[in-house]
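This report refers to the structure that appears directly beneath it.
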Amino acid sequence: MNAEEQRLREHREGRADWKRLGPYLSERQWGVVREDYSADGDAWKHFPHDHARSRAYRQGEDGIAGFSDNRQRLCFALCLWNGRDPILKERLFGLANEEGNHGEDVKECYHYLDSTPTHSWMRMLYKYPQAAYPYEDLVRTNASRSRREPEYELTDTGVFDESRYFDVFVDYAKASPGDVLVRVTVRNRGPEAAVLHLLPTLWFRNTWSWDAGNPRPGIAAAPGTRHPALLARLNDPALALPLPDFLLHCQPGGRFLFTENESNTERLWGAPNASPYVKDAFHRLLVHGEAAAVNPEGRGTKACVHYELRVEASGEAEVRLRLSEDDTDTGPDPLGQDFTRVMAQRQAEADAFYAGLTPRSASADEAMVLRQALAGMFWSKQHYRFDLDRWLRDHGAHPLEDATRPCRNREWFHMDNDHVISMPDKWEYPWYAAWDLAFHALALVLADPDFAKEQLLLMLRADYLHPNGQIPAYEWNFSDVNPPVHAWAALFTYRAEQSRTGRGDLDFLRRAYAKLPLNFTWWVNRKDRFGRNVFDGGFLGLDNIGVFDRSKGLPEGGFLEQADATAWMALYCQNMVEISLELSRHDAHHEDLLQKFLEHFLWIASGMNRPGPEGMWDEEDGFYYDLLRLPDGSSRRLRARSMVGLLPLCAATVVEDDGRDSLARMEAMMRPRMERMPELARSMHPFGQAHRGEKGRGLLSLLDEVRLRRILARLFDENEFLSPHGIRSLSRHHLEHPYAIEVQGQTHGVGYVPGDSDSWMFGGNSNWRGPVWMPVNQLIIRALLQYYRYYGDAFRIECPTGSGRFVTLFEAAREIGERLIGLFTRDGSGARPYQGGARLFREDPHWQDCLLFHEYFHGDTGAGLGASHQTGWTGLVAKLIQLFRGTTAQDFLESDSAVVFGPEGGKEA
């Protein structure tokens with residue numbers, strides 16, 4: 001057990017709270033629903049970037065390379081100024097949703113380079129131009145571009161020409177759970193000496209202005225310390241989880257500045273300030289020369305130490321700080337030799353931790369991709385605070401007060417979210433999304449199974465899960481519908497830990513299983529409109545994939561029966577069957593629901609595979625399509641070949657012949673139904689004693705072998721779904737043959753768009769009409785491996801279609817995996833495809849290995865698109881590297897678990 005694994009164990013066992021301090025600060029708190037107190041619900045306009053430096057937040061805080069406690073009470077972050085910017089750089093700038101030609105978009109260059117799960121070692125890089133930051137140019141040029149043009153990025157503006165910028169590296173290392181060392185290294189990449197103002201800032205989230213009873217904390221200079229230090233006191237011993245006093249030891253050479261974390265009401269609204277010392281004081285002092293803006297008495301709720309660093313051309317400067325609990329023994333020189341030793345030791349321990357996660361057969365480049373992918377996920381944790389009860393009362397829209405005012409999320413007044421949560425992207429999506437979070441867990445479990453399990457259980461807590469059983473979607477509309485992948489993620493997480501350690505966490509599985517039937521029942525009751533065992537989930541996370549906006553009413557009152565929603569529910573049934581079987585090995589009472597989920601699977605399979613025009617399977621095309629139901633009772637298939645029709649492939653689960661008669665019991669449960677209703681057997685893959693696969697396995701699947709082969713022929717056709725970089729979300733066939741349908745005199749259509757969306761549907765900041773998305777690719781890979789475990793080496797397909805090359809399903813899965821991994825690794829020319837045409841990233845050695853993990857990828861070129869730091873589900877590339885560099889086909893055939901885990905495919909001691 002290496003040092004980081006030991007820390008994880010100490011944290012799990014409650015012996016040391018290694019995760020109490022971490023990168024839990026948001027990167028954007030302005031423009032979010034939580035801070036929106038407007039009458040019209042326009043969060044972006046109610047709290048714009050221009051307000052952020054002057055206006056105190058209510059629910060959270062933001063900053064650059066930020067750190068906080070796990071309730072985000074005491075916060076630390078960097079503040080920078082190059083002497084030219086019109087705004088002190090306290091937070092990352094980006095465009096509001098309506099400002100970008102492809103929706104909201106961060107316009108900064110920063111990279112998460114390293115992190116361990118306990119945050120005992122972390123590294124981040126921020127690239128800061130020496131010229132004035134081009135705020136107006138970015139806003140004006142993006143506004144002038146059309147939907148068909150690319151986003152105008154900071155790297156396009158010329159501010160990095162001649163390398164006239166600073167690389168600001170921020171390293172964190174924990175000497176103990178309450179003792180955090182901070183090292184800021186500034187490197188001048190330019191040809192001339194340049195000055196950087198560095199202001200490491202410590203402040204308290206404002207919890208006193210909104211509640212009169214909350215005491216005001218304080219920060220002041222600490223007496224009697226070897227180096228200058230700030231003392232931060234929360235002053236509230238009555239808290240259930242009190243925060244100790246903290247000292248920020250600071251390298252000599254700076255000056256302390258103090259103010260209050262209070263709104264500048266005079267600047268914002270023309271009202272007198274309660275105090276002359278307000279949130280934007282440091283900005284006013286440095287940029288405008290207002291000496292009276294800071295408190296000369298040396299106290300406040302926000303403080304910084306201001307260093308003015310002259311850095312020579314190609315030179316560097318270093319600043320050390322140490323944030324420690326007041327009673328921590330930091331030795332006689334907290335910033336001296338002990339500081340150097342701890343920094344080096346924690347970095348070496350991080351090296352050892354990642355060496356243990358990385359397959360020996362992985363290249364050095366692949367090892368770096370794996371490490372930065374997981375590091376980005378650990379940096380993307382955020383304390384998320386949203387008290388819906390209070391927020392709705394403040395809006396005068398609380399249902400229990402008989403309020404009739406319309407307001408988003410009125411039906412979620414039970415929610416009180418107050419946890420550290422894995423974010424999709426801490427700038428573009430600084431709020432959780434349920435199905436994102438499920439995929440995050442698949443990657444997080446590689447390095448921190450405890451955190452992965454906590455995240456999945458969080459959505460099932462009473463203060464998240466709706467009393468009716470719905471899992472919340474995302475804060476802009478908690479009632480929107482995300483795909484039901486929670487059971488799948490819980491089972492995957494359980495199997496992954498079981499495979500690696502030899503034992504599964506039954507308590508976790510039981511806790512998840514106790515709540516999942518509530519959510520399953522919500523789906524059955526709410527989304528099966530007419531009890532036909534087919535589902536119309538609506539949005540389902542796939543944004544603009546369809547001909548219509550699936551979250552809204554359809555033409556003339558029609559509705560969709562969705563192939564993807566129905567496939568998700570078939571997979572949900574299979575997952576619950578597998579969990580029931582697993583738990584029944586330890587407690588026979590858990591078998592009570594097994595028959596329920598088996599029968600639901602039979603009904604759903606029969607509904608989806610209904611023969612003729614009433615079914616979703618199109619025999620002529622060999623593909624699944626949505627059905628449009630019209631008010632006159634007629635129906636039409638929407639014959640756009642998309643991810644919607646591929647997802648039924650993913651509803652496949654192998655059931656092991658485990659020596660406990662599991663297969664025989666399942667067959668006995670299903671036999672009476674199938675004897676009475678033989679059509680059920682024709683609607684799915686054959687199941688029973690006469691249809692055992694490799695090692696006596698059974699297969700629950702919507703597809704029999706004939707349908708499977710027909711779909712795979714399209715999946716692996718490079719003129720349809722198989723791109724050089726993974727599986728496209730829409731067939732390339734629709735480039736030259738767009739799909740169109742006329743309904744009630746109106747024509748609706750969809751065509752292949754491999755890059756950014758050309759539609760404003762869902763704000764226009766994502767696209768499912770052609771690009772490659774990592775999460776659904778992961779589902780397809782998982783399905784292929786399931787089929788391989790059943791069919792074995794005898795089942796071969798042509799890959800790519802038409803190539804004359806026949807492979808096993810394991811090799812087919814690996815083909816997709818290699819193309820996805822290849823997005824991030826260097827190709828023959830030394831470039832990384834995801835970087836697209838960005839010259840700096842291709843050619844400059846100071847940029848080449850600074851990776852980004854985008855939301856999705858161009859369906860033809862592989863260029864990264866959408867949110868640029870959505871490491872969340874794109875971090876799944878770490879799982880793919882571990883899987884295909886550490887696991888053989890034989891491992892999959894021989895193992896008794898559907899998830900083979902570990903760098904070399906074996907169990908750990």
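Lettering and numbering for the structure tokens are positional, with chains as A, B, ... in the shown order, residues counted from 1 in each chain, and ligands counted from 1 in the shown order.
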
Check which residues of range 826-905 of chain A sit at most 12 Å from range 77-100 of chain A using only C-alpha atoms, and return one row each with the closest pair of atoms and their distance in Å to one decimal, ordered by chain and rising number, as a Markdown table.
| residue | atom | partner | partner_atom | distance |
| --- | --- | --- | --- | --- |
| A:Gly866 | CA | A:Gly100 | CA | 11.4 |
| A:Ala867 | CA | A:Gly94 | CA | 11.3 |
| A:Ser868 | CA | A:Gly94 | CA | 11.8 |

Can you list, as a list in words, every protein, DNA or RNA residue that comes within 10 Å of Gly749 in chain A when you count only C-alpha atoms, leaving out same-chain residues fewer than 6 positions away?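 Listed by chain and then number, they are Gly546, Val547, Phe548, Leu638, Ala640, Pro738, Tyr739, Ala740, Ile741 and Glu742 of chain A.
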
Using C-alpha atoms, can you export the residues from the last selection as a JSON list (two decimals), in the first residue's frame?
[["chain", "number", "residue", "atom", "x", "y", "z"],
["A", 546, "GLY", "CA", -33.71, 14.69, -32.92],
["A", 547, "VAL", "CA", -35.89, 16.27, -35.55],
["A", 548, "PHE", "CA", -37.87, 18.02, -32.78],
["A", 638, "LEU", "CA", -38.39, 9.04, -37.66],
["A", 640, "ALA", "CA", -32.79, 9.45, -38.82],
["A", 738, "PRO", "CA", -30.37, 14.88, -44.61],
["A", 739, "TYR", "CA", -33.47, 13.42, -43.03],
["A", 740, "ALA", "CA", -36.70, 15.41, -43.32],
["A", 741, "ILE", "CA", -40.30, 14.76, -42.37],
["A", 742, "GLU", "CA", -43.45, 16.75, -43.03]]

Do you know which residues are at most 9 Å from range 12-21 of chain A counting only C-alpha atoms, after dropping those on the same chain fewer than 4 positions away, and could you put them as JSON, numbers by chain? {"A": [7, 8, 67, 68, 69, 70, 71, 117, 118, 119, 120, 174, 176, 177, 178, 180, 450]}

How would the residues just picked look written out with N, CA and C atoms as a PDB file, in the first residue's frame?
ATOM      1  N   ARG A   7      -3.457   7.187   3.040  1.00  0.00           N
ATOM      2  CA  ARG A   7      -4.266   8.357   3.402  1.00  0.00           C
ATOM      3  C   ARG A   7      -5.746   8.107   3.098  1.00  0.00           C
ATOM      4  N   LEU A   8      -6.025   7.484   1.957  1.00  0.00           N
ATOM      5  CA  LEU A   8      -7.416   7.161   1.637  1.00  0.00           C
ATOM      6  C   LEU A   8      -8.018   6.230   2.687  1.00  0.00           C
ATOM      7  N   PHE A  67      -9.025  27.024  -3.388  1.00  0.00           N
ATOM      8  CA  PHE A  67      -8.973  26.005  -2.344  1.00  0.00           C
ATOM      9  C   PHE A  67      -9.928  26.451  -1.252  1.00  0.00           C
ATOM     10  N   SER A  68     -10.597  25.514  -0.601  1.00  0.00           N
ATOM     11  CA  SER A  68     -11.475  25.884   0.514  1.00  0.00           C
ATOM     12  C   SER A  68     -11.694  24.677   1.405  1.00  0.00           C
ATOM     13  N   ASP A  69     -12.381  24.899   2.528  1.00  0.00           N
ATOM     14  CA  ASP A  69     -12.834  23.765   3.326  1.00  0.00           C
ATOM     15  C   ASP A  69     -14.052  23.166   2.641  1.00  0.00           C
ATOM     16  N   ASN A  70     -14.488  22.001   3.112  1.00  0.00           N
ATOM     17  CA  ASN A  70     -15.532  21.274   2.395  1.00  0.00           C
ATOM     18  C   ASN A  70     -16.935  21.840   2.589  1.00  0.00           C
ATOM     19  N   ARG A  71     -17.068  22.948   3.324  1.00  0.00           N
ATOM     20  CA  ARG A  71     -18.338  23.684   3.367  1.00  0.00           C
ATOM     21  C   ARG A  71     -18.175  25.075   2.754  1.00  0.00           C
ATOM     22  N   PRO A 117      -6.228  11.848  -4.992  1.00  0.00           N
ATOM     23  CA  PRO A 117      -7.618  11.869  -4.509  1.00  0.00           C
ATOM     24  C   PRO A 117      -7.808  12.649  -3.207  1.00  0.00           C
ATOM     25  N   THR A 118      -6.821  12.625  -2.304  1.00  0.00           N
ATOM     26  CA  THR A 118      -6.949  13.359  -1.034  1.00  0.00           C
ATOM     27  C   THR A 118      -6.462  14.792  -1.154  1.00  0.00           C
ATOM     28  N   HIS A 119      -6.008  15.175  -2.355  1.00  0.00           N
ATOM     29  CA  HIS A 119      -5.460  16.509  -2.594  1.00  0.00           C
ATOM     30  C   HIS A 119      -4.219  16.762  -1.749  1.00  0.00           C
ATOM     31  N   SER A 120      -3.524  15.680  -1.432  1.00  0.00           N
ATOM     32  CA  SER A 120      -2.247  15.814  -0.734  1.00  0.00           C
ATOM     33  C   SER A 120      -1.189  16.411  -1.657  1.00  0.00           C
ATOM     34  N   LYS A 174      -0.083  18.747   1.165  1.00  0.00           N
ATOM     35  CA  LYS A 174      -0.549  18.686   2.548  1.00  0.00           C
ATOM     36  C   LYS A 174       0.488  17.998   3.423  1.00  0.00           C
ATOM     37  N   SER A 176      -0.272  17.665   6.583  1.00  0.00           N
ATOM     38  CA  SER A 176      -1.239  16.940   7.401  1.00  0.00           C
ATOM     39  C   SER A 176      -2.617  17.385   6.927  1.00  0.00           C
ATOM     40  N   PRO A 177      -3.699  16.794   7.431  1.00  0.00           N
ATOM     41  CA  PRO A 177      -5.019  17.199   6.933  1.00  0.00           C
ATOM     42  C   PRO A 177      -5.325  18.682   7.100  1.00  0.00           C
ATOM     43  N   GLY A 178      -4.738  19.328   8.086  1.00  0.00           N
ATOM     44  CA  GLY A 178      -5.010  20.740   8.321  1.00  0.00           C
ATOM     45  C   GLY A 178      -3.822  21.636   8.063  1.00  0.00           C
ATOM     46  N   VAL A 180      -1.634  22.980   4.779  1.00  0.00           N
ATOM     47  CA  VAL A 180      -1.516  22.967   3.323  1.00  0.00           C
ATOM     48  C   VAL A 180      -0.420  23.939   2.885  1.00  0.00           C
ATOM     49  N   ASP A 450     -14.200   5.283  -2.810  1.00  0.00           N
ATOM     50  CA  ASP A 450     -15.063   5.857  -1.777  1.00  0.00           C
ATOM     51  C   ASP A 450     -15.780   7.104  -2.283  1.00  0.00           C
TER      52      ASP A 450
END

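Using only C-alpha atoms, the protein and nucleic acid residues lying no more than 9 Å from Arg707 in chain A, apart from those fewer than 6 places from it along its own chain, are Glu619, Gly622 and Phe623 of chain A.
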
Which of range 240-419 of chain A end up as alpha helix (DSSP H) when DSSP is run on this backbone - answer as an NGL selection string? :A and (265-269 or 281-288 or 337-357 or 364-379 or 388-394)
